[in-house]
Every structure is written in C-alpha cells, then in structure tokens.
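Q: Please see the structure below; I have some questions.
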Amino acid sequence: MIFITGPLYSGKKEYACRLLGCSREELGAHALWDVQERAKNCADLPALADELARHEVVIATEVGGGVVPVDPDERAAREAAGRLSCLLAQKAERVVRVLCGLPMVLK
Amino acid sequence: MFTLVVGGAASGKSEYAEGLVLASPHRPRYYIATMEPFDEEGKARVEKHRRMRADKEFETVECYFNLPSVRLPRRGTVLLECIGNLAANELYSPNGAGSMAGALSAITGGVDVLLAQCADLVVVSNEVFTGGTDYADGTEDYLRLVAGVNRALAQRADRVCEVVCGLPRYYKEAAG
C-alpha cells in the first residue's frame with residue numbers, strides 16, 4: 001500500500017492518478033481518499049487501518065495543523081484522524097506527502 | 001529563476017525569501033507590497049517595513065490587486081509578498097476581481113507578467129491548509145483560491161520550498 005498525505009487541495013488525488021497511470025474516473029477502483037473522515041467515531045483504529053491497507057493507494061488530508069477545536073466531537077475526530085494517519089504510514093511500503101502538487105517521499 | 005516559498009504563520013518564510021533576493025546578483029530589488037493599510041496601525045506597520053527594506057535597497061511597489069498592471073522600470077529581482085493578501089483583496093475588496101476564476105487569473109497572470117519583466121522572482125505564499133475545514137462560510141472559497149494559485153505557481157516555478165522553523169525543505173529544485 002502507498003499512503004499519500006498532504007494539506008487540503010494540495011493535489012493528492014491528481015498525484016495518485018499520475019502514480020497509477022489512471023484517470024480521475026478510474027481512481028476509485030485503486031484508491032480510497034478522505035480516509036481521515038472514517039476515523040471519526042471509529043471504535044477500533046488499528047482494525048480500520050488494517051482494512052484500509054488492503055487497498056493499493058490510501059489518501060488522507062492533514063487536518064491537525066490548526067488550533068485545537070473547542071467542540072469535543074471535532075477535537076476527538078481530529079485526534080483520531082491523526083492517529084489513523086500514523087498507523088497507515090507504519091503499514092505503508094511508501095509514504096508520500098504532496099504539497100502544491102509536488103510529491104515528497106517521507107518513507 | 002523563479003522560486004516559490006510557502007510556509008505557515010511566523011515560519012520564517014519572509015526572512016528566507018528576502019535572503020534569496022539579497023543573494024541574487026540582479027539589481028534593482030523590487031518589493032511588491034500587497035497589504036492595504038486600513039488604519040493607523042496598518043500604516044505604521046507598512047512604514048516600519050518600508051524603512052527596513054530601504055536599508056536593504058529595495059524599491060517598494062504597491063499593488064493590492066490587478067497584478068498584471070504592474071510595470072517595472074528595470075530587469076532586476078522581485079519579491080512578491082504575499083499570495084494570501086492578494087487572494088483576499090481580489091476576492092473581497094470592492095476593487096478586486098470578485099470571482100474565483102477572475103481572482104485566479106489575475107494572480108497567476110500577474111505572476112507571468114512579473115516573470116517577463118525581471119531576472120529573478122521570489123513569491124511568498126501561505127500554508128493554511130492543515131487546519132481542517134470547520135470555518136465560517138466563504139472561507140472555503142478563499143482556501144480553494146490560495147491552493148489553486150499555489151499549485152499553478154508551483155508548476156511554473158524553478159524551485160518550490162516549504163519553510164519550517166526558518167528552514168527550507170525543497171519540493172522542487174532547479175535542474176543542474
């Protein structure tokens with residue numbers, strides 16, 4: 001599994017298409033994106049990471065960079081999203097961060 | 001040489017960008033100022049920065065919107081700071097482009113116009129995209145615009161770096 005992360009609107013899906021040699025319409029057959037949203041209210045993050053890691057490419061948006069949210073649910077969701085990304089990065093053969101459309105290999 | 005420098009608030013991106021300009025042999029040095037001073041505090045801030053840059057032999061060119069209208073007298077080195085201000089001015093100022101598409105083309109087209117008039121260009125932009133999406137209405141448009149400009153400029157640029165704690169990490173480096 002290749003894990004792609006990066007800020008919002010940084011060109012992660014476009015990079016995944018280039019990597020896989022597929023169109024945006026075909027991307028769904030190979031990749032999952034916005035997986036940070038699946039971390040919300042997830043009772044078992046390691047199990048979720050195991051399940052996601054079966055895909056060829058997994059994409060998550062970095063959401064932990066702002067001020068700690070006042071709302072407890074938002075706070076918990078952001079925490080879970082960050083932890084899920086760490087688990088995915090551990091499982092991945094390769095980790096790439098995309099910034100301004102440009103990839104940097106982190107692992 | 002066109003360098004795009006991105007970074008978060010107080011990441012040291014401005015100082016790093018200024019260092020790149022000072023290292024360029026091409027003179028004069030132009031600073032494209034994008035922050036419109038609305039009150040006394042803003043005016044004092046602009047005046048302070050103008051004095052600091054005068055010591056470093058920068059000529060300040062004010063441009064709050066419509067970047068393609070900028071004309072530079074000589075081919076030197078240009079520091080454009082920053083895309084976040086220009087994007088806000090183009091979207092929200094009565095004199096700005098008003099629309100997302102208009103703002104995007106005003107800014108990216110403006111950078112093309114600057115590139116044609118200088119030897120070295122350094123553009124500073126903001127990394128504001130890792131704080132989630134839980135913002136007031138309208139902020140989403142602003143984020144999409146700045147991100148769109150960043151991606152478009154990163155494609156054009158010879159070098160792209162993110163500054164973290166004053167240290168540059170290069171995502172794209174000039175060949176050779």
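Naming works like this for the structure tokens: A, B, ... for the chains as they're shown, residue 1 at the start of each chain, ligands 1 onward in shown order.
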Mind the document's chain letters and residue numbers, and return as a ChimeraX atom specification the residues of segment 8-97 of chain B that DSSP labels strand (DSSP E).
A: /B:29-33,58-62,77-81
Q: Tell me which protein, DNA and RNA residues are within 7 Å of Gly8 of chain B, counting only C-alpha atoms, leaving out same-chain ones fewer than 3 positions away, and put them as a ChimeraX atom specification.
A: /B:11,126-128
Q: Would you write out those residues with N, CA and C atoms, as a PDB file, in the first residue's frame?
A:
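Now in again.pdb:
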```pdb
ATOM      1  N   SER B  11       6.645  31.248  10.224  1.00  0.00           N
ATOM      2  CA  SER B  11       7.514  30.087   9.966  1.00  0.00           C
ATOM      3  C   SER B  11       8.921  30.523   9.567  1.00  0.00           C
ATOM      4  N   ASN B 126       1.123  31.259   1.461  1.00  0.00           N
ATOM      5  CA  ASN B 126       0.769  30.774   2.783  1.00  0.00           C
ATOM      6  C   ASN B 126       0.338  29.327   2.790  1.00  0.00           C
ATOM      7  N   GLU B 127       0.806  28.614   3.801  1.00  0.00           N
ATOM      8  CA  GLU B 127       0.362  27.244   4.024  1.00  0.00           C
ATOM      9  C   GLU B 127      -0.694  27.319   5.134  1.00  0.00           C
ATOM     10  N   VAL B 128      -1.967  27.264   4.710  1.00  0.00           N
ATOM     11  CA  VAL B 128      -3.081  27.409   5.669  1.00  0.00           C
ATOM     12  C   VAL B 128      -4.055  26.241   5.515  1.00  0.00           C
TER      13      VAL B 128
END
```
Q: For Gly6 of chain A, please output as a tab-separated table (two decimals) with C-alpha atoms, in the first residue's frame all residues within 12 Å (counting only C-alpha atoms; exclusion window: fewer than 4 positions along the same chain).
A:
```
chain	number	residue	atom	x	y	z
A	10	SER	CA	-2.69	20.13	-2.45
A	11	GLY	CA	-3.16	17.83	-5.48
A	12	LYS	CA	-3.07	14.42	-3.72
A	13	LYS	CA	-5.61	12.69	-5.99
A	15	TYR	CA	-0.68	12.77	-7.96
A	33	TRP	CA	-9.41	9.10	-0.27
A	34	ASP	CA	-10.53	11.35	2.58
A	36	GLN	CA	-9.43	10.90	7.76
A	58	VAL	CA	-4.79	5.29	0.54
A	59	ILE	CA	-5.11	9.09	0.71
A	60	ALA	CA	-5.65	11.25	3.80
A	61	THR	CA	-5.82	15.02	4.21
A	62	GLU	CA	-3.76	16.50	7.04
A	63	VAL	CA	-6.19	18.14	9.47
A	64	GLY	CA	-4.15	18.55	12.65
A	65	GLY	CA	-2.46	21.86	11.89
A	82	GLY	CA	-4.00	11.97	13.08
A	85	SER	CA	-2.53	8.51	9.51
A	95	VAL	CA	4.60	7.34	2.22
A	96	VAL	CA	4.38	10.45	0.06
A	97	ARG	CA	3.43	13.97	1.12
A	98	VAL	CA	2.04	16.19	-1.66
A	99	LEU	CA	2.43	19.97	-1.33
A	100	CYS	CA	1.37	22.44	-4.05
A	101	GLY	CA	1.03	19.45	-6.38
A	102	LEU	CA	4.61	18.31	-5.74
A	103	PRO	CA	5.41	14.96	-4.07
A	104	MET	CA	7.99	14.37	-1.36
A	105	VAL	CA	8.74	10.79	-0.31
A	106	LEU	CA	8.73	10.57	3.50
B	127	GLU	CA	0.36	27.24	4.02
B	128	VAL	CA	-3.08	27.41	5.67
B	129	PHE	CA	-4.40	24.00	4.64
B	130	THR	CA	-3.84	21.65	7.55
B	131	GLY	CA	-6.35	23.11	9.99
B	132	GLY	CA	-9.43	21.24	8.76
```
Q: Which one of A:Arg94, A:Arg75, A:His30, A:Lys40 sits closest to Cys17 of chain A if you count only C-alpha atoms?
A: A:His30
Q: Using only C-alpha atoms and a distance of at most 10 Å, pull out the residues of chain B that contact chain A, as a ChimeraX atom specification.
A: /B:4,6,8,127-134,143-155,160-162,169-172
Q: Please compute the atom CA of Val123 of chain B-atom CA of Asp137 of chain B distance, one decimal, in Å.
A: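 Rounded to one decimal, the two atoms are 27.9 Å apart.
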